[in-house]
>>> print(open('protein.csv').read())   # CSV, C-alpha atoms
chain,number,residue,atom,x,y,z
A,1,MET,CA,32.5,-45.8,93.8
A,2,ASN,CA,33.9,-49.3,93.9
A,3,ASN,CA,34.8,-49.6,97.6
A,4,PHE,CA,36.2,-53.1,96.9
A,5,THR,CA,39.3,-51.7,95.2
A,6,GLU,CA,39.7,-49.2,98.0
A,7,LYS,CA,39.6,-51.8,100.6
A,8,LYS,CA,42.3,-53.9,98.9
A,9,ILE,CA,44.6,-50.8,98.5
A,10,PHE,CA,44.2,-49.8,102.2
A,11,GLU,CA,44.9,-53.4,103.3
A,12,GLU,CA,48.1,-53.4,101.3
A,13,ALA,CA,49.1,-49.9,102.6
A,14,ASP,CA,48.7,-51.2,106.1
A,15,ASN,CA,50.8,-54.3,105.3
A,16,TRP,CA,53.6,-52.3,103.7
A,17,ILE,CA,53.8,-49.9,106.6
A,18,LYS,CA,53.8,-52.9,109.1
A,19,SER,CA,56.8,-54.2,107.2
A,20,ASN,CA,58.5,-50.8,107.7
A,21,LYS,CA,58.0,-49.4,104.2
A,22,LYS,CA,57.3,-45.8,103.5
A,23,VAL,CA,54.0,-45.4,101.6
A,24,VAL,CA,52.5,-42.6,99.6
A,25,LEU,CA,48.8,-42.5,98.8
A,26,ALA,CA,47.7,-40.8,95.5
A,27,THR,CA,44.1,-39.8,95.0
A,28,VAL,CA,42.2,-38.3,92.1
A,29,ILE,CA,40.6,-35.3,93.6
A,30,GLN,CA,39.3,-33.4,90.5
A,31,THR,CA,38.7,-34.2,86.9
A,32,TRP,CA,37.7,-32.2,83.8
A,33,GLY,CA,36.6,-33.5,80.5
A,34,SER,CA,37.0,-37.2,79.7
A,35,SER,CA,39.2,-38.7,82.4
A,36,PRO,CA,39.7,-42.4,82.5
A,37,LEU,CA,39.0,-42.9,86.2
A,38,GLY,CA,36.7,-41.1,88.6
A,39,ILE,CA,37.3,-38.8,91.6
A,40,GLY,CA,38.4,-40.9,94.6
A,41,SER,CA,40.4,-43.4,92.5
A,42,ARG,CA,43.5,-44.3,94.5
A,43,MET,CA,47.0,-45.8,94.1
A,44,ILE,CA,49.7,-46.5,96.7
A,45,VAL,CA,53.4,-46.3,96.0
A,46,ASN,CA,56.2,-47.4,98.3
A,47,GLU,CA,59.9,-46.2,98.5
A,48,ASN,CA,60.9,-49.0,96.1
A,49,GLY,CA,58.5,-47.9,93.4
A,50,ASN,CA,56.1,-50.8,93.9
A,51,PHE,CA,52.6,-49.7,93.3
A,52,LEU,CA,49.0,-50.9,93.6
A,53,GLY,CA,45.8,-49.4,92.2
A,54,SER,CA,45.5,-46.6,89.6
A,55,VAL,CA,44.7,-43.0,89.1
A,56,SER,CA,44.2,-43.1,85.3
A,57,GLY,CA,44.2,-45.8,82.7
A,58,GLY,CA,48.0,-46.1,82.8
A,59,CYS,CA,48.5,-42.7,81.2
A,60,VAL,CA,50.1,-40.8,84.2
A,61,GLU,CA,51.0,-43.5,86.6
A,62,ALA,CA,54.7,-43.5,85.8
A,63,LYS,CA,54.9,-39.7,86.5
A,64,VAL,CA,52.9,-40.1,89.7
A,65,ILE,CA,55.2,-42.9,91.0
A,66,GLU,CA,58.2,-40.6,90.4
A,67,GLU,CA,56.5,-37.7,92.2
A,68,CYS,CA,55.6,-40.0,95.1
A,69,ILE,CA,59.2,-41.2,95.5
A,70,SER,CA,60.5,-37.7,95.4
A,71,LEU,CA,57.9,-36.6,98.0
A,72,LEU,CA,59.4,-39.3,100.3
A,73,ASN,CA,62.8,-37.7,99.8
A,74,SER,CA,61.5,-34.1,100.5
A,75,LYS,CA,60.5,-32.3,103.6
A,76,GLU,CA,56.9,-32.0,102.5
A,77,ASN,CA,54.3,-34.7,103.3
A,78,CYS,CA,51.7,-33.8,100.7
A,79,LYS,CA,51.4,-32.2,97.2
A,80,LYS,CA,48.9,-31.6,94.5
A,81,ILE,CA,49.8,-32.5,90.9
A,82,ASP,CA,47.8,-31.2,88.0
A,83,PHE,CA,47.8,-33.0,84.7
A,84,LYS,CA,46.5,-30.4,82.3
A,85,VAL,CA,47.5,-32.0,79.1
A,86,SER,CA,46.9,-31.0,75.5
A,87,ASN,CA,46.7,-33.8,73.0
A,88,GLU,CA,50.1,-33.1,71.3
A,89,ASN,CA,52.2,-34.2,74.3
A,90,ALA,CA,49.7,-36.7,75.6
A,91,TRP,CA,51.9,-39.6,74.4
A,92,GLU,CA,54.7,-38.6,76.7
A,93,VAL,CA,53.1,-38.0,80.1
A,94,GLY,CA,49.4,-37.3,80.3
A,95,LEU,CA,46.1,-38.4,79.2
A,96,ALA,CA,45.8,-39.6,75.7
A,97,CYS,CA,42.1,-39.0,75.9
A,98,GLY,CA,42.6,-35.3,76.5
A,99,GLY,CA,41.1,-35.0,79.9
A,100,ASP,CA,42.6,-33.1,82.8
A,101,ILE,CA,43.0,-34.5,86.3
A,102,SER,CA,44.3,-33.3,89.7
A,103,ILE,CA,46.0,-35.8,91.8
A,104,TYR,CA,46.8,-35.4,95.5
A,105,ILE,CA,49.7,-37.3,96.9
A,106,GLU,CA,50.4,-37.7,100.6
A,107,GLU,CA,52.7,-39.8,102.8
A,108,ILE,CA,50.8,-42.1,105.1
A,109,ILE,CA,52.0,-41.2,108.6
B,110,MET,CA,46.4,-39.3,105.5
B,111,LYS,CA,47.0,-40.8,108.9
B,112,LEU,CA,47.6,-44.6,109.2
B,113,LYS,CA,45.0,-44.5,111.9
B,114,THR,CA,42.4,-43.4,109.4
B,115,ILE,CA,43.3,-46.2,107.0
B,116,GLN,CA,43.0,-48.8,109.8
B,117,GLU,CA,39.7,-47.3,111.0
B,118,THR,CA,38.4,-47.4,107.5
B,119,LEU,CA,39.2,-51.1,107.2
B,120,LYS,CA,37.6,-51.8,110.6
B,121,ASN,CA,34.5,-49.9,109.7
B,122,LYS,CA,34.2,-51.6,106.3
B,123,SER,CA,34.3,-55.0,108.0
B,124,LEU,CA,31.7,-53.8,110.5
B,125,LYS,CA,29.6,-52.9,107.4
B,126,LYS,CA,29.4,-49.2,108.5
B,127,GLU,CA,28.7,-46.4,106.1
B,128,PHE,CA,31.0,-43.4,106.5
B,129,ALA,CA,33.3,-40.9,104.7
B,130,ILE,CA,37.0,-40.1,105.0
B,131,ILE,CA,37.6,-36.3,105.3
B,132,THR,CA,41.0,-35.1,104.3
B,133,ASN,CA,42.4,-31.6,104.7
B,134,LEU,CA,44.6,-31.3,101.5
B,135,LYS,CA,46.6,-28.5,103.1
B,136,ASN,CA,48.3,-30.8,105.6
B,137,GLY,CA,47.1,-34.3,105.0
B,138,ASP,CA,45.1,-34.4,108.2
B,139,SER,CA,42.2,-36.9,108.1
B,140,GLU,CA,39.2,-38.0,110.0
B,141,ILE,CA,36.3,-40.4,109.6
B,142,PHE,CA,32.8,-38.9,109.4
B,143,PHE,CA,29.7,-40.9,110.4
B,144,PRO,CA,26.3,-39.5,109.4
B,145,ASP,CA,24.9,-39.9,112.9
B,146,THR,CA,27.6,-38.5,115.0
B,147,ASN,CA,29.1,-35.0,115.3
B,148,LEU,CA,32.5,-34.0,114.0
B,149,THR,CA,34.7,-32.1,116.5
B,150,GLY,CA,37.5,-29.8,115.9
B,151,PHE,CA,38.7,-28.3,112.5
B,152,PHE,CA,36.3,-30.3,110.3
B,153,SER,CA,33.1,-29.5,112.2
B,154,LYS,CA,32.4,-26.3,110.3
B,155,TYR,CA,32.2,-28.3,107.1
B,156,ARG,CA,29.6,-30.7,108.5
B,157,ASN,CA,26.8,-29.7,106.2
B,158,ASP,CA,28.8,-29.9,103.0
B,159,ILE,CA,30.2,-33.3,104.1
B,160,LYS,CA,26.7,-34.6,104.8
B,161,LYS,CA,25.5,-33.4,101.4
B,162,ILE,CA,28.3,-35.2,99.5
B,163,PHE,CA,27.9,-38.3,101.6
B,164,HIS,CA,24.2,-38.5,100.9
B,165,LEU,CA,24.8,-38.1,97.2
B,166,ASN,CA,27.1,-41.1,97.5
B,167,LYS,CA,29.9,-39.0,95.9
B,168,ASN,CA,33.6,-38.3,96.3
B,169,SER,CA,34.3,-34.6,96.0
B,170,LEU,CA,36.2,-31.5,97.1
B,171,ILE,CA,34.1,-29.1,99.1
B,172,GLU,CA,33.7,-26.0,97.0
B,173,ASN,CA,36.1,-23.2,97.8
B,174,SER,CA,38.0,-25.3,100.3
B,175,ASP,CA,40.9,-27.8,100.6
B,176,ILE,CA,38.6,-30.5,102.1
B,177,PHE,CA,38.2,-33.7,100.2
B,178,VAL,CA,35.4,-36.1,101.0
B,179,GLN,CA,35.4,-39.8,100.1
B,180,THR,CA,32.2,-41.7,100.7
B,181,PHE,CA,32.0,-45.3,101.7
B,182,LYS,CA,28.6,-47.0,101.3
B,183,ASN,CA,27.8,-50.7,101.7
B,184,PRO,CA,27.9,-52.8,98.5
B,185,ILE,CA,24.8,-54.2,96.8
B,186,LYS,CA,23.8,-57.4,98.5
B,187,VAL,CA,23.3,-60.3,96.1
B,188,ILE,CA,21.3,-63.3,97.3
B,189,ILE,CA,21.9,-66.3,95.1
B,190,VAL,CA,19.3,-69.0,95.6
B,191,GLY,CA,20.9,-72.3,94.4
B,192,ALA,CA,24.4,-73.5,95.3
B,193,VAL,CA,24.7,-74.9,91.7
B,194,HIS,CA,27.6,-75.1,89.3
B,195,ILE,CA,27.0,-71.6,87.8
B,196,THR,CA,27.1,-70.3,91.4
B,197,THR,CA,30.7,-71.4,91.9
B,198,TYR,CA,31.8,-69.2,88.9
B,199,LEU,CA,29.6,-66.3,90.0
B,200,ILE,CA,31.3,-66.3,93.4
B,201,ASP,CA,34.7,-66.2,91.6
B,202,LEU,CA,33.7,-63.3,89.4
B,203,ALA,CA,32.0,-61.3,92.2
B,204,LYS,CA,35.2,-61.5,94.3
B,205,ASN,CA,36.7,-58.6,92.2
B,206,LEU,CA,33.5,-56.5,92.2
B,207,ASP,CA,31.7,-54.5,94.8
B,208,PHE,CA,29.0,-57.1,95.7
B,209,GLU,CA,28.2,-58.9,99.0
B,210,ILE,CA,27.1,-62.4,98.2
B,211,ILE,CA,24.9,-64.7,100.3
B,212,ILE,CA,24.0,-68.2,99.0
B,213,VAL,CA,20.7,-69.8,100.0
B,214,ASP,CA,20.1,-73.5,99.3
B,215,PRO,CA,18.3,-76.0,101.5
B,216,ARG,CA,19.9,-79.0,99.8
B,217,GLY,CA,22.8,-80.2,101.8
B,218,TYR,CA,25.0,-81.7,99.0
B,219,PHE,CA,24.9,-78.4,97.2
B,220,ALA,CA,25.3,-75.9,100.0
B,221,SER,CA,28.5,-77.4,101.4
B,222,LYS,CA,31.4,-75.5,102.8
B,223,GLU,CA,33.7,-77.7,100.7
B,224,ARG,CA,32.1,-76.4,97.5
B,225,PHE,CA,31.9,-72.8,98.7
B,226,PRO,CA,34.7,-72.0,101.2
B,227,ASN,CA,34.8,-68.6,102.8
B,228,THR,CA,31.3,-67.9,101.5
B,229,ASN,CA,28.2,-66.9,103.5
B,230,ILE,CA,25.8,-69.9,102.9
B,231,ILE,CA,22.4,-70.4,104.5
B,232,LYS,CA,21.4,-74.0,104.3
B,233,LYS,CA,17.6,-73.3,104.6
B,234,TRP,CA,14.5,-72.9,102.5
B,235,PRO,CA,14.2,-69.3,101.2
B,236,ASN,CA,11.3,-68.3,103.5
B,237,GLU,CA,13.4,-69.3,106.5
B,238,ALA,CA,16.6,-67.9,105.2
B,239,PHE,CA,15.1,-64.5,104.5
B,240,LYS,CA,14.3,-64.1,108.2
B,241,GLU,CA,18.0,-64.0,108.8
B,242,ILE,CA,18.9,-61.6,105.9
B,243,GLU,CA,18.5,-57.9,106.2
B,244,THR,CA,17.2,-56.7,102.8
B,245,ASN,CA,16.4,-53.3,101.3
B,246,SER,CA,16.0,-51.6,97.9
B,247,LYS,CA,19.7,-52.2,97.3
B,248,THR,CA,19.3,-56.0,97.4
B,249,ALA,CA,19.4,-58.3,94.4
B,250,LEU,CA,18.1,-61.8,93.9
B,251,VAL,CA,19.6,-64.3,91.5
B,252,ALA,CA,17.4,-67.5,91.5
B,253,LEU,CA,19.3,-70.4,90.0
B,254,THR,CA,17.8,-73.7,91.0
B,255,HIS,CA,15.0,-73.5,88.4
B,256,ASP,CA,13.1,-75.7,90.8
B,257,PRO,CA,9.8,-73.8,91.6
B,258,LYS,CA,9.7,-75.2,95.1
B,259,ILE,CA,12.9,-73.3,95.9
B,260,ASP,CA,12.9,-70.4,93.4
B,261,ASP,CA,9.3,-69.3,93.6
B,262,PRO,CA,9.2,-68.4,97.3
B,263,ALA,CA,12.4,-66.4,96.9
B,264,LEU,CA,11.0,-64.6,93.9
B,265,GLN,CA,7.8,-63.8,95.7
B,266,TYR,CA,9.8,-62.3,98.6
B,267,ALA,CA,12.0,-60.3,96.3
B,268,LEU,CA,9.0,-58.9,94.4
B,269,LYS,CA,7.1,-58.0,97.6
B,270,ASN,CA,10.2,-56.3,99.0
B,271,LYS,CA,11.0,-54.4,95.7
B,272,PHE,CA,14.5,-55.7,95.2
B,273,PHE,CA,16.5,-53.5,92.8
B,274,TYR,CA,17.3,-56.6,90.6
B,275,ILE,CA,15.6,-59.9,90.3
B,276,GLY,CA,16.8,-62.6,87.9
B,277,ALA,CA,15.8,-66.2,87.4
B,278,LEU,CA,17.4,-69.0,85.5
B,279,GLY,CA,15.5,-71.0,82.9
B,280,SER,CA,14.5,-71.1,79.3
B,281,LYS,CA,11.9,-68.8,77.8
B,282,LYS,CA,9.3,-71.5,78.3
B,283,THR,CA,10.3,-72.1,81.9
B,284,HIS,CA,10.1,-68.4,82.5
B,285,GLU,CA,6.6,-68.1,81.0
B,286,LYS,CA,5.4,-70.8,83.2
B,287,ARG,CA,7.0,-69.2,86.2
B,288,CYS,CA,5.4,-65.8,85.4
B,289,LEU,CA,2.0,-67.6,85.1
B,290,ARG,CA,2.5,-69.2,88.5
B,291,LEU,CA,3.4,-65.9,90.1
B,292,MET,CA,0.4,-64.2,88.6
B,293,GLU,CA,-1.8,-67.0,89.9
B,294,SER,CA,-0.5,-66.3,93.4
B,295,GLY,CA,-1.6,-62.7,93.1
B,296,PHE,CA,1.3,-60.7,91.5
B,297,LYS,CA,0.4,-58.2,88.8
B,298,LYS,CA,1.7,-58.6,85.3
B,299,GLU,CA,3.9,-55.5,85.5
B,300,GLU,CA,5.5,-56.7,88.7
B,301,VAL,CA,6.3,-60.1,87.2
B,302,GLU,CA,7.7,-58.4,84.1
B,303,THR,CA,10.4,-56.8,86.3
B,304,ILE,CA,12.0,-60.2,86.7
B,305,ASN,CA,15.0,-60.7,84.3
B,306,GLY,CA,14.2,-64.0,82.8
B,307,PRO,CA,15.9,-65.8,81.1
B,308,ILE,CA,18.6,-64.4,83.4
B,309,GLY,CA,21.6,-62.5,82.2
B,310,ILE,CA,22.5,-60.4,79.2
B,311,LYS,CA,22.6,-62.1,75.9
B,312,LEU,CA,26.1,-63.3,75.2
B,313,GLY,CA,25.3,-66.5,73.5
B,314,GLY,CA,27.3,-68.6,75.9
B,315,LYS,CA,26.1,-72.0,77.1
B,316,SER,CA,28.5,-73.3,79.7
B,317,PRO,CA,28.0,-72.6,83.5
B,318,SER,CA,31.0,-70.2,83.5
B,319,GLU,CA,29.7,-68.3,80.4
B,320,ILE,CA,26.3,-68.0,82.0
B,321,ALA,CA,27.9,-66.7,85.2
B,322,ILE,CA,29.6,-63.9,83.1
B,323,SER,CA,26.2,-62.9,81.5
B,324,ILE,CA,24.6,-62.8,85.0
B,325,ILE,CA,27.3,-60.7,86.6
B,326,ALA,CA,27.4,-58.4,83.6
B,327,GLN,CA,23.6,-57.8,84.0
B,328,LEU,CA,24.1,-57.0,87.7
B,329,VAL,CA,26.8,-54.4,86.9
B,330,LEU,CA,24.5,-53.0,84.1
B,331,GLU,CA,21.6,-52.6,86.5
B,332,LYS,CA,23.8,-51.2,89.3
B,333,TYR,CA,24.7,-48.2,87.0
B,334,ARG,CA,21.4,-47.8,85.4
B,335,LYS,CA,20.1,-44.3,86.2
>>> encode(input="protein.csv", output="structure tokens")
Amino acid sequence: MNNFTEKKIFEEADNWIKSNKKVVLATVIQTWGSSPLGIGSRMIVNENGNFLGSVSGGCVEAKVIEECISLLNSKENCKKIDFKVSNENAWEVGLACGGDISIYIEEII
Amino acid sequence: MKLKTIQETLKNKSLKKEFAIITNLKNGDSEIFFPDTNLTGFFSKYRNDIKKIFHLNKNSLIENSDIFVQTFKNPIKVIIVGAVHITTYLIDLAKNLDFEIIIVDPRGYFASKERFPNTNIIKKWPNEAFKEIETNSKTALVALTHDPKIDDPALQYALKNKFFYIGALGSKKTHEKRCLRLMESGFKKEEVETINGPIGIKLGGKSPSEIAISIIAQLVLEKYRK
């Protein structure tokens, strides 16, 4: 695990929160097959849709950002999202490489 | 995750501690686990599973639970002997990778703060410098002065202490001579052969920045070699 990336993301999360932004943390918690990034890969998203880090190679980030923003507008503070994608719709949202991943999103509170 | 956990993580990283973040995915509750202290409360019943994942240096869900464990171990320490031109590029490349860099060079003009701002530089001969550096089997040596007076003592130290990676700059001829010198001072052939010399993977580059890329690439390669 590359702790360097982790540190950078956590520092930025801390900065965003200090400047009164709402921040959601997304973490890859499980993978099956060929997924682009390993378990523990992280990304942060704020209420404006700014993000740092990644949970895939760019395949599912847009969807994860949307989910993070709607989490901030909901009563919940955490949620699990599964991307179990077959290759046919992989070009829309999902993993073009055909792997499956589970992503956990949670508001930093 | 709690903001407190994020701030504690950053603090413990700067203190060079090794630990894990434990998250209960049911409610987002989180706590920091240290291998030498006991967990209290909800997470304590998962202690054995957490320990297992931590010692395997993995990130993982605990089986049949909603507990996620993310391990934080210290990065590989890379000791660069020689505050030379290549070193300036190596430092730049290492900034975006998980390596802790320490530069050793007894020569004042080279090992200056102006040349290497915000870098840990020890302006001493290797034998003196190594007294101040904690090393283990996760330490790497990159010898770049190609001056035997400076490189050789560092190489000897690294060989004796079984560093996970040892590389030395210099042509094939220079390296052959270096190996002979090391064998004359009592090292076995198979020990000397563990030195990566000429240093770096073969990219064909010649300039200092290109050589720096080939060295950093070799460090990453060796880091993931199973």
>>> atom_distance(input="protein.csv", atom1="CA of Leu72 in chain A", atom2="CA of Met43 in chain A")
15.3 Å
>>> closest_atom_pairs(input="protein.csv", of="chain A", to="chain B", cutoff="8 Å", atoms="all atoms listed in the file", output="tab-separated table")
residue	atom	partner	partner_atom	distance
A:Met1	CA	B:Lys167	CA	7.6
A:Asn2	CA	B:Asp207	CA	5.7
A:Asn3	CA	B:Asp207	CA	6.4
A:Phe4	CA	B:Asp207	CA	5.2
A:Thr5	CA	B:Asn205	CA	8.0
A:Lys7	CA	B:Leu119	CA	6.6
A:Phe10	CA	B:Ile115	CA	6.1
A:Glu11	CA	B:Leu119	CA	7.3
A:Asp14	CA	B:Gln116	CA	7.2
A:Leu25	CA	B:Met110	CA	7.8
A:Ile29	CA	B:Ser169	CA	6.8
A:Gln30	CA	B:Ser169	CA	7.5
A:Ile39	CA	B:Asn168	CA	6.0
A:Gly40	CA	B:Asn168	CA	5.7
A:Asn77	CA	B:Gly137	CA	7.4
A:Cys78	CA	B:Gly137	CA	6.3
A:Tyr104	CA	B:Leu134	CA	7.6
A:Glu106	CA	B:Gly137	CA	6.5
A:Glu107	CA	B:Met110	CA	6.9
A:Ile108	CA	B:Met110	CA	5.2
A:Ile109	CA	B:Lys111	CA	5.0
>>> write_last_selection(input="protein.csv", atoms="C-alpha atoms", output="tab-separated table (two decimals), in the coordinates of the input")
chain	number	residue	atom	x	y	z
A	1	MET	CA	32.50	-45.80	93.80
A	2	ASN	CA	33.90	-49.30	93.90
A	3	ASN	CA	34.80	-49.60	97.60
A	4	PHE	CA	36.20	-53.10	96.90
A	5	THR	CA	39.30	-51.70	95.20
A	7	LYS	CA	39.60	-51.80	100.60
A	10	PHE	CA	44.20	-49.80	102.20
A	11	GLU	CA	44.90	-53.40	103.30
A	14	ASP	CA	48.70	-51.20	106.10
A	25	LEU	CA	48.80	-42.50	98.80
A	29	ILE	CA	40.60	-35.30	93.60
A	30	GLN	CA	39.30	-33.40	90.50
A	39	ILE	CA	37.30	-38.80	91.60
A	40	GLY	CA	38.40	-40.90	94.60
A	77	ASN	CA	54.30	-34.70	103.30
A	78	CYS	CA	51.70	-33.80	100.70
A	104	TYR	CA	46.80	-35.40	95.50
A	106	GLU	CA	50.40	-37.70	100.60
A	107	GLU	CA	52.70	-39.80	102.80
A	108	ILE	CA	50.80	-42.10	105.10
A	109	ILE	CA	52.00	-41.20	108.60
>>> residues_around(input="protein.csv", residues="Asn73 in chain A", least_positions_apart="2", cutoff="12 Å", atoms="all atoms listed in the file", output="compact mmCIF listing (two decimals) with C-alpha atoms, keeping the file's coordinate frame")
# COMPACT_ATOMS: atom_id res chain seq x y z
CA LYS A 22 57.30 -45.80 103.50
CA VAL A 23 54.00 -45.40 101.60
CA VAL A 24 52.50 -42.60 99.60
CA ASN A 46 56.20 -47.40 98.30
CA GLU A 47 59.90 -46.20 98.50
CA GLU A 66 58.20 -40.60 90.40
CA GLU A 67 56.50 -37.70 92.20
CA CYS A 68 55.60 -40.00 95.10
CA ILE A 69 59.20 -41.20 95.50
CA SER A 70 60.50 -37.70 95.40
CA LEU A 71 57.90 -36.60 98.00
CA LYS A 75 60.50 -32.30 103.60
CA GLU A 76 56.90 -32.00 102.50
CA ASN A 77 54.30 -34.70 103.30
CA CYS A 78 51.70 -33.80 100.70
CA GLU A 107 52.70 -39.80 102.80
>>> atom_distance(input="protein.csv", atom1="CA of Lys232 in chain B", atom2="CA of Ile259 in chain B")
12.0 Å
>>> atom_distance(input="protein.csv", atom1="CA of Thr248 in chain B", atom2="CA of Phe225 in chain B")
21.0 Å
>>> residues_around(input="protein.csv", residues="Ile101 in chain A", least_positions_apart="6", cutoff="7 Å", atoms="all atoms listed in the file", output="list in words")
Val28, Gln30, Thr31, Trp32, Ser35, Asp82, Phe83 and Lys84 of chain A
>>> residues_around(input="protein.csv", residues="Ile200 in chain B", least_positions_apart="6", cutoff="10 Å", atoms="only C-alpha atoms", output="list in words")
Ile189, Phe208, Glu209, Ile210, Ile211, Ile212, Phe225, Thr228, Ala321 and Ile325 of chain B
>>> build_atoms(input="protein.csv", residues="range 204-217 of chain B", atoms="N, CA and C atoms", output="PDB file, keeping the file's coordinate frame")
ATOM      1  N   LYS B 204      34.118 -61.781  93.364  1.00  0.00           N
ATOM      2  CA  LYS B 204      35.200 -61.500  94.300  1.00  0.00           C
ATOM      3  C   LYS B 204      35.925 -60.169  93.921  1.00  0.00           C
ATOM      4  N   ASN B 205      35.994 -59.859  92.633  1.00  0.00           N
ATOM      5  CA  ASN B 205      36.700 -58.600  92.200  1.00  0.00           C
ATOM      6  C   ASN B 205      35.714 -57.483  91.957  1.00  0.00           C
ATOM      7  N   LEU B 206      34.494 -57.612  92.426  1.00  0.00           N
ATOM      8  CA  LEU B 206      33.500 -56.500  92.200  1.00  0.00           C
ATOM      9  C   LEU B 206      32.928 -56.148  93.561  1.00  0.00           C
ATOM     10  N   ASP B 207      32.215 -55.045  93.566  1.00  0.00           N
ATOM     11  CA  ASP B 207      31.700 -54.500  94.800  1.00  0.00           C
ATOM     12  C   ASP B 207      30.318 -55.139  95.122  1.00  0.00           C
ATOM     13  N   PHE B 208      30.245 -56.445  95.341  1.00  0.00           N
ATOM     14  CA  PHE B 208      29.000 -57.100  95.700  1.00  0.00           C
ATOM     15  C   PHE B 208      29.186 -57.932  96.954  1.00  0.00           C
ATOM     16  N   GLU B 209      28.165 -57.960  97.797  1.00  0.00           N
ATOM     17  CA  GLU B 209      28.200 -58.900  99.000  1.00  0.00           C
ATOM     18  C   GLU B 209      27.315 -60.058  98.622  1.00  0.00           C
ATOM     19  N   ILE B 210      27.874 -61.246  98.671  1.00  0.00           N
ATOM     20  CA  ILE B 210      27.100 -62.400  98.200  1.00  0.00           C
ATOM     21  C   ILE B 210      26.649 -63.278  99.383  1.00  0.00           C
ATOM     22  N   ILE B 211      25.412 -63.715  99.292  1.00  0.00           N
ATOM     23  CA  ILE B 211      24.900 -64.700 100.300  1.00  0.00           C
ATOM     24  C   ILE B 211      24.220 -65.802  99.432  1.00  0.00           C
ATOM     25  N   ILE B 212      24.560 -67.049  99.738  1.00  0.00           N
ATOM     26  CA  ILE B 212      24.000 -68.200  99.000  1.00  0.00           C
ATOM     27  C   ILE B 212      22.896 -68.826  99.888  1.00  0.00           C
ATOM     28  N   VAL B 213      21.774 -69.130  99.280  1.00  0.00           N
ATOM     29  CA  VAL B 213      20.700 -69.800 100.000  1.00  0.00           C
ATOM     30  C   VAL B 213      20.381 -71.108  99.231  1.00  0.00           C
ATOM     31  N   ASP B 214      20.444 -72.243  99.917  1.00  0.00           N
ATOM     32  CA  ASP B 214      20.100 -73.500  99.300  1.00  0.00           C
ATOM     33  C   ASP B 214      19.777 -74.518 100.410  1.00  0.00           C
ATOM     34  N   PRO B 215      18.559 -75.083 100.418  1.00  0.00           N
ATOM     35  CA  PRO B 215      18.300 -76.000 101.500  1.00  0.00           C
ATOM     36  C   PRO B 215      18.894 -77.398 101.293  1.00  0.00           C
ATOM     37  N   ARG B 216      19.425 -77.636 100.104  1.00  0.00           N
ATOM     38  CA  ARG B 216      19.900 -79.000  99.800  1.00  0.00           C
ATOM     39  C   ARG B 216      21.379 -79.139 100.242  1.00  0.00           C
ATOM     40  N   GLY B 217      21.554 -80.065 101.188  1.00  0.00           N
ATOM     41  CA  GLY B 217      22.800 -80.200 101.800  1.00  0.00           C
ATOM     42  C   GLY B 217      24.005 -80.513 100.914  1.00  0.00           C
TER      43      GLY B 217
END
